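Engineer: Input structure: target_7.txt, which contains compact mmCIF, C-alpha atoms.
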```txt
# COMPACT_ATOMS: atom_id res chain seq x y z
CA GLN E 1 0.00 0.00 0.00
CA VAL E 2 1.23 3.46 -0.91
CA GLN E 3 0.74 6.72 0.96
CA LEU E 4 1.07 9.94 -1.04
CA VAL E 5 1.71 13.47 0.20
CA GLU E 6 1.75 16.47 -2.13
CA SER E 7 3.53 19.76 -1.58
CA GLY E 8 4.56 22.84 -3.50
CA GLY E 9 1.24 24.50 -4.14
CA GLY E 10 0.62 28.17 -3.55
CA LEU E 11 -0.40 31.49 -5.03
CA VAL E 12 1.28 32.63 -8.23
CA GLN E 13 0.60 35.25 -10.86
CA ALA E 14 -0.44 34.28 -14.35
CA GLY E 15 2.61 33.46 -16.43
CA GLY E 16 4.51 32.21 -13.41
CA SER E 17 5.73 28.77 -12.46
CA LEU E 18 5.32 26.26 -9.66
CA ARG E 19 6.77 22.84 -9.02
CA LEU E 20 4.61 20.32 -7.24
CA SER E 21 6.06 17.31 -5.47
CA CYS E 22 4.44 14.07 -4.40
CA ALA E 23 6.29 11.95 -1.86
CA ALA E 24 5.42 8.28 -1.61
CA SER E 25 5.85 5.88 1.28
CA GLY E 26 5.10 2.19 1.46
CA GLY E 27 5.06 -0.22 -1.45
CA THR E 28 7.65 -0.51 -4.19
CA PHE E 29 7.40 2.94 -5.72
CA SER E 30 9.22 2.05 -8.93
CA ARG E 31 6.43 -0.38 -9.85
CA TYR E 32 3.67 2.20 -9.74
CA ASN E 33 2.30 4.24 -12.57
CA MET E 34 1.82 7.78 -11.32
CA GLY E 35 -0.59 10.52 -12.29
CA TRP E 36 -1.56 14.08 -11.48
CA PHE E 37 -5.19 15.17 -11.46
CA ARG E 38 -6.83 18.45 -10.53
CA GLN E 39 -10.21 19.65 -9.42
CA ALA E 40 -11.43 23.21 -9.54
CA PRO E 41 -14.38 24.43 -7.47
CA GLY E 42 -17.66 23.30 -8.96
CA LYS E 43 -15.93 21.15 -11.57
CA GLU E 44 -15.19 17.49 -11.94
CA ARG E 45 -11.76 16.05 -11.36
CA GLU E 46 -9.68 16.12 -14.52
CA PHE E 47 -6.54 14.43 -15.71
CA VAL E 48 -3.37 16.50 -15.94
CA ALA E 49 -0.40 14.20 -16.55
CA ALA E 50 0.85 10.65 -16.02
CA ILE E 51 4.13 8.77 -16.14
CA SER E 52 4.71 5.06 -16.55
CA TRP E 53 6.57 2.85 -14.13
CA SER E 54 8.58 1.00 -16.76
CA ASP E 55 10.17 3.45 -19.18
CA GLY E 56 9.01 6.85 -17.99
CA THR E 57 6.63 7.43 -20.88
CA THR E 58 4.60 10.54 -20.19
CA TYR E 59 1.06 11.60 -21.05
CA TYR E 60 -0.55 15.03 -20.84
CA ALA E 61 -3.92 16.63 -21.09
CA ASP E 62 -4.16 18.87 -24.13
CA SER E 63 -4.78 21.87 -21.89
CA VAL E 64 -1.34 21.59 -20.26
CA LYS E 65 0.77 20.11 -23.06
CA GLY E 66 3.86 22.20 -23.65
CA ARG E 67 3.51 24.00 -20.30
CA PHE E 68 3.62 21.21 -17.69
CA THR E 69 6.19 18.46 -17.27
CA ILE E 70 5.82 15.34 -15.16
CA ALA E 71 8.89 13.51 -13.90
CA ARG E 72 9.72 10.85 -11.34
CA ASP E 73 12.71 9.99 -9.22
CA ASN E 74 12.43 6.41 -8.05
CA ALA E 75 15.43 6.70 -5.74
CA LYS E 76 13.67 9.54 -3.91
CA ARG E 77 10.25 7.88 -4.20
CA ALA E 78 8.80 11.04 -5.66
CA VAL E 79 6.95 12.36 -8.65
CA TYR E 80 6.99 16.00 -9.73
CA LEU E 81 4.88 18.34 -11.80
CA GLN E 82 6.69 21.37 -13.18
CA MET E 83 4.10 23.94 -14.19
CA ASN E 84 5.16 26.87 -16.38
CA SER E 85 3.22 29.66 -18.06
CA LEU E 86 0.43 29.22 -15.57
CA LYS E 87 -3.02 30.50 -16.42
CA THR E 88 -5.92 31.46 -14.17
CA GLU E 89 -7.77 28.41 -15.42
CA ASP E 90 -5.08 26.21 -13.88
CA THR E 91 -6.39 27.13 -10.43
CA ALA E 92 -7.39 23.92 -8.67
CA VAL E 93 -6.50 21.40 -6.03
CA TYR E 94 -3.84 19.13 -7.50
CA CYS E 95 -3.63 15.50 -6.40
CA CYS E 96 -1.17 12.81 -7.24
CA ALA E 97 -2.35 9.25 -7.70
CA ALA E 98 -0.77 5.82 -8.02
CA VAL E 99 -1.66 2.47 -9.50
CA LEU E 100 0.45 -0.68 -9.39
CA PHE E 101 1.56 -1.85 -12.79
CA GLY E 102 -0.44 -4.72 -14.25
CA LEU E 103 -1.45 -6.40 -17.49
CA ASP E 104 -3.27 -3.32 -18.72
CA ARG E 105 -0.88 -0.78 -20.17
CA LEU E 106 -0.93 2.77 -18.83
CA SER E 107 -1.48 4.02 -22.37
CA ASN E 108 -4.96 2.47 -22.21
CA TYR E 109 -6.18 4.21 -19.08
CA TYR E 110 -3.87 7.04 -18.00
CA SER E 111 -6.60 9.70 -17.93
CA ASP E 112 -9.19 7.56 -16.10
CA SER E 113 -9.11 8.47 -12.42
CA ARG E 114 -11.08 5.32 -11.55
CA LYS E 115 -8.06 3.21 -12.47
CA TYR E 116 -5.85 4.74 -9.79
CA ASP E 117 -5.93 3.09 -6.38
CA TYR E 118 -4.05 5.51 -4.15
CA TRP E 119 -4.50 9.24 -3.77
CA GLY E 120 -2.91 12.06 -1.88
CA GLN E 121 -4.83 14.79 -0.08
CA GLY E 122 -3.96 17.41 -2.64
CA THR E 123 -2.28 20.79 -2.73
CA GLN E 124 -3.95 24.06 -3.69
CA VAL E 125 -2.69 25.99 -6.69
CA THR E 126 -4.11 29.47 -7.21
CA VAL E 127 -3.19 31.53 -10.24
CA SER E 128 -4.09 35.20 -10.08
CA SER E 129 -4.53 37.52 -13.05
```
Can you dump the structure from the file as structure tokens?

Structural biologist:
Amino acid sequence: QVQLVESGGGLVQAGGSLRLSCAASGGTFSRYNMGWFRQAPGKEREFVAAISWSDGTTYYADSVKGRFTIARDNAKRAVYLQMNSLKTEDTAVYCCAAVLFGLDRLSNYYSDSRKYDYWGQGTQVTVSS
């Protein structure tokens, strides 16, 4: 079982940058596919980015492609989300999520939050205009 704790959120002006971190404990971190999701007030949770356990293949929502970068450091048991050129519409609570690798490839389900088994509490990101 994996426990996830996010950090790095805060208040930033539009056009600025933030780097979110997600620290994992328990389980064999290197065998988990990892994802970032976000939820804005009054909106449903949405996929942001994901990274595979095996070869580090990354996936992004169209809305963040070219601005956000997901990365992982298995030695540090952490996954990161570098967010550049932030927009007001990026304001949300950002959560990291984990799912143990299995027969189904991440490429088939990376944006489906129901496939992830473990979730952090989230960190607030607020982008002001």

Engineer: Pick from E:Ala92, E:Val64, E:Ala50, E:Leu11: nearest to Asn108 of chain E, with all atoms listed in the file counted?

Structural biologist: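 Among the listed residues, the smallest separation from Asn108 of chain E belongs to E:Ala50.
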
Engineer: Take the point (6.1, 13.2, -9.2) in the file's coordinates, draw a sphere of radius 7 Å around it, and report as a count of residues only every protein, DNA or RNA residue with an atom inside or on it, counting all atoms listed in the file.

Structural biologist: 9

Engineer: Compile the contact shell of Met83 of chain E as a ChimeraX atom specification: residues with an atom at most 10 Å away, counting only C-alpha atoms, same-chain residues fewer than 5 positions apart removed.

Structural biologist: /E:15-20,64,66-70,90

Engineer: Which one of E:Lys65, E:Arg38, E:Arg114, E:Ser52 sits closest to Ser85 of chain E if you count all atoms listed in the file?

Structural biologist: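 Of the candidates, the smallest distance to Ser85 of chain E is held by E:Lys65.
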
Engineer: Counting all atoms listed in the file, which residues come within 9 Å of (0.4, 12.9, -22.1), with the point read in the file's coordinates, and could you list them as a PyMOL selection string?

Structural biologist: chain E and resi 48-51+57-62+65+110-111

Engineer: Please produce a file of those selected residues containing C-alpha atoms, as a PDB file, in the frame of the given file.

Structural biologist:
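As written to disk, part_17.pdb reads:
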```pdb
ATOM      1  CA  VAL E  48      -3.370  16.500 -15.940  1.00  0.00           C
ATOM      2  CA  ALA E  49      -0.400  14.200 -16.550  1.00  0.00           C
ATOM      3  CA  ALA E  50       0.850  10.650 -16.020  1.00  0.00           C
ATOM      4  CA  ILE E  51       4.130   8.770 -16.140  1.00  0.00           C
ATOM      5  CA  THR E  57       6.630   7.430 -20.880  1.00  0.00           C
ATOM      6  CA  THR E  58       4.600  10.540 -20.190  1.00  0.00           C
ATOM      7  CA  TYR E  59       1.060  11.600 -21.050  1.00  0.00           C
ATOM      8  CA  TYR E  60      -0.550  15.030 -20.840  1.00  0.00           C
ATOM      9  CA  ALA E  61      -3.920  16.630 -21.090  1.00  0.00           C
ATOM     10  CA  ASP E  62      -4.160  18.870 -24.130  1.00  0.00           C
ATOM     11  CA  LYS E  65       0.770  20.110 -23.060  1.00  0.00           C
ATOM     12  CA  TYR E 110      -3.870   7.040 -18.000  1.00  0.00           C
ATOM     13  CA  SER E 111      -6.600   9.700 -17.930  1.00  0.00           C
TER      14      SER E 111
END
```

Engineer: Which polymer residues have any atom within 7 Å of an atom of Arg31 of chain E, counting all atoms listed in the file, with same-chain residues fewer than 5 positions away left out, as a ChimeraX atom specification?

Structural biologist: /E:53,100-101

Engineer: To one decimal in Å, tell me the separation between atom CA of Leu103 of chain E and atom CA of Ser63 of chain E.

Structural biologist: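 So the two atoms, atom CA of Leu103 of chain E and atom CA of Ser63 of chain E, lie 28.8 Å apart.
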
Engineer: E:Gln121, E:Asp104, E:Val93, E:Ala14: which is nearest Ala40 of chain E, counting all atoms listed in the file?

Structural biologist: E:Val93

Engineer: Determine the nearest neighbour of Tyr32 of chain E from the options E:Val127, E:Leu106, E:Val99, E:Ala75, counting all atoms listed in the file.

Structural biologist: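 Smallest separation from Tyr32 of chain E among the options: E:Val99.
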
Engineer: Which neighbours of Lys76 of chain E fall inside 12 Å, counting all atoms listed in the file, when residues of the same chain fewer than 6 positions from it are skipped, and could you give them as a ChimeraX atom specification?

Structural biologist: /E:21-25,28-30

Engineer: How many Å lie between atom CA of Gly56 of chain E and atom CA of Arg77 of chain E, rounded to one decimal?

Structural biologist: 13.9 Å
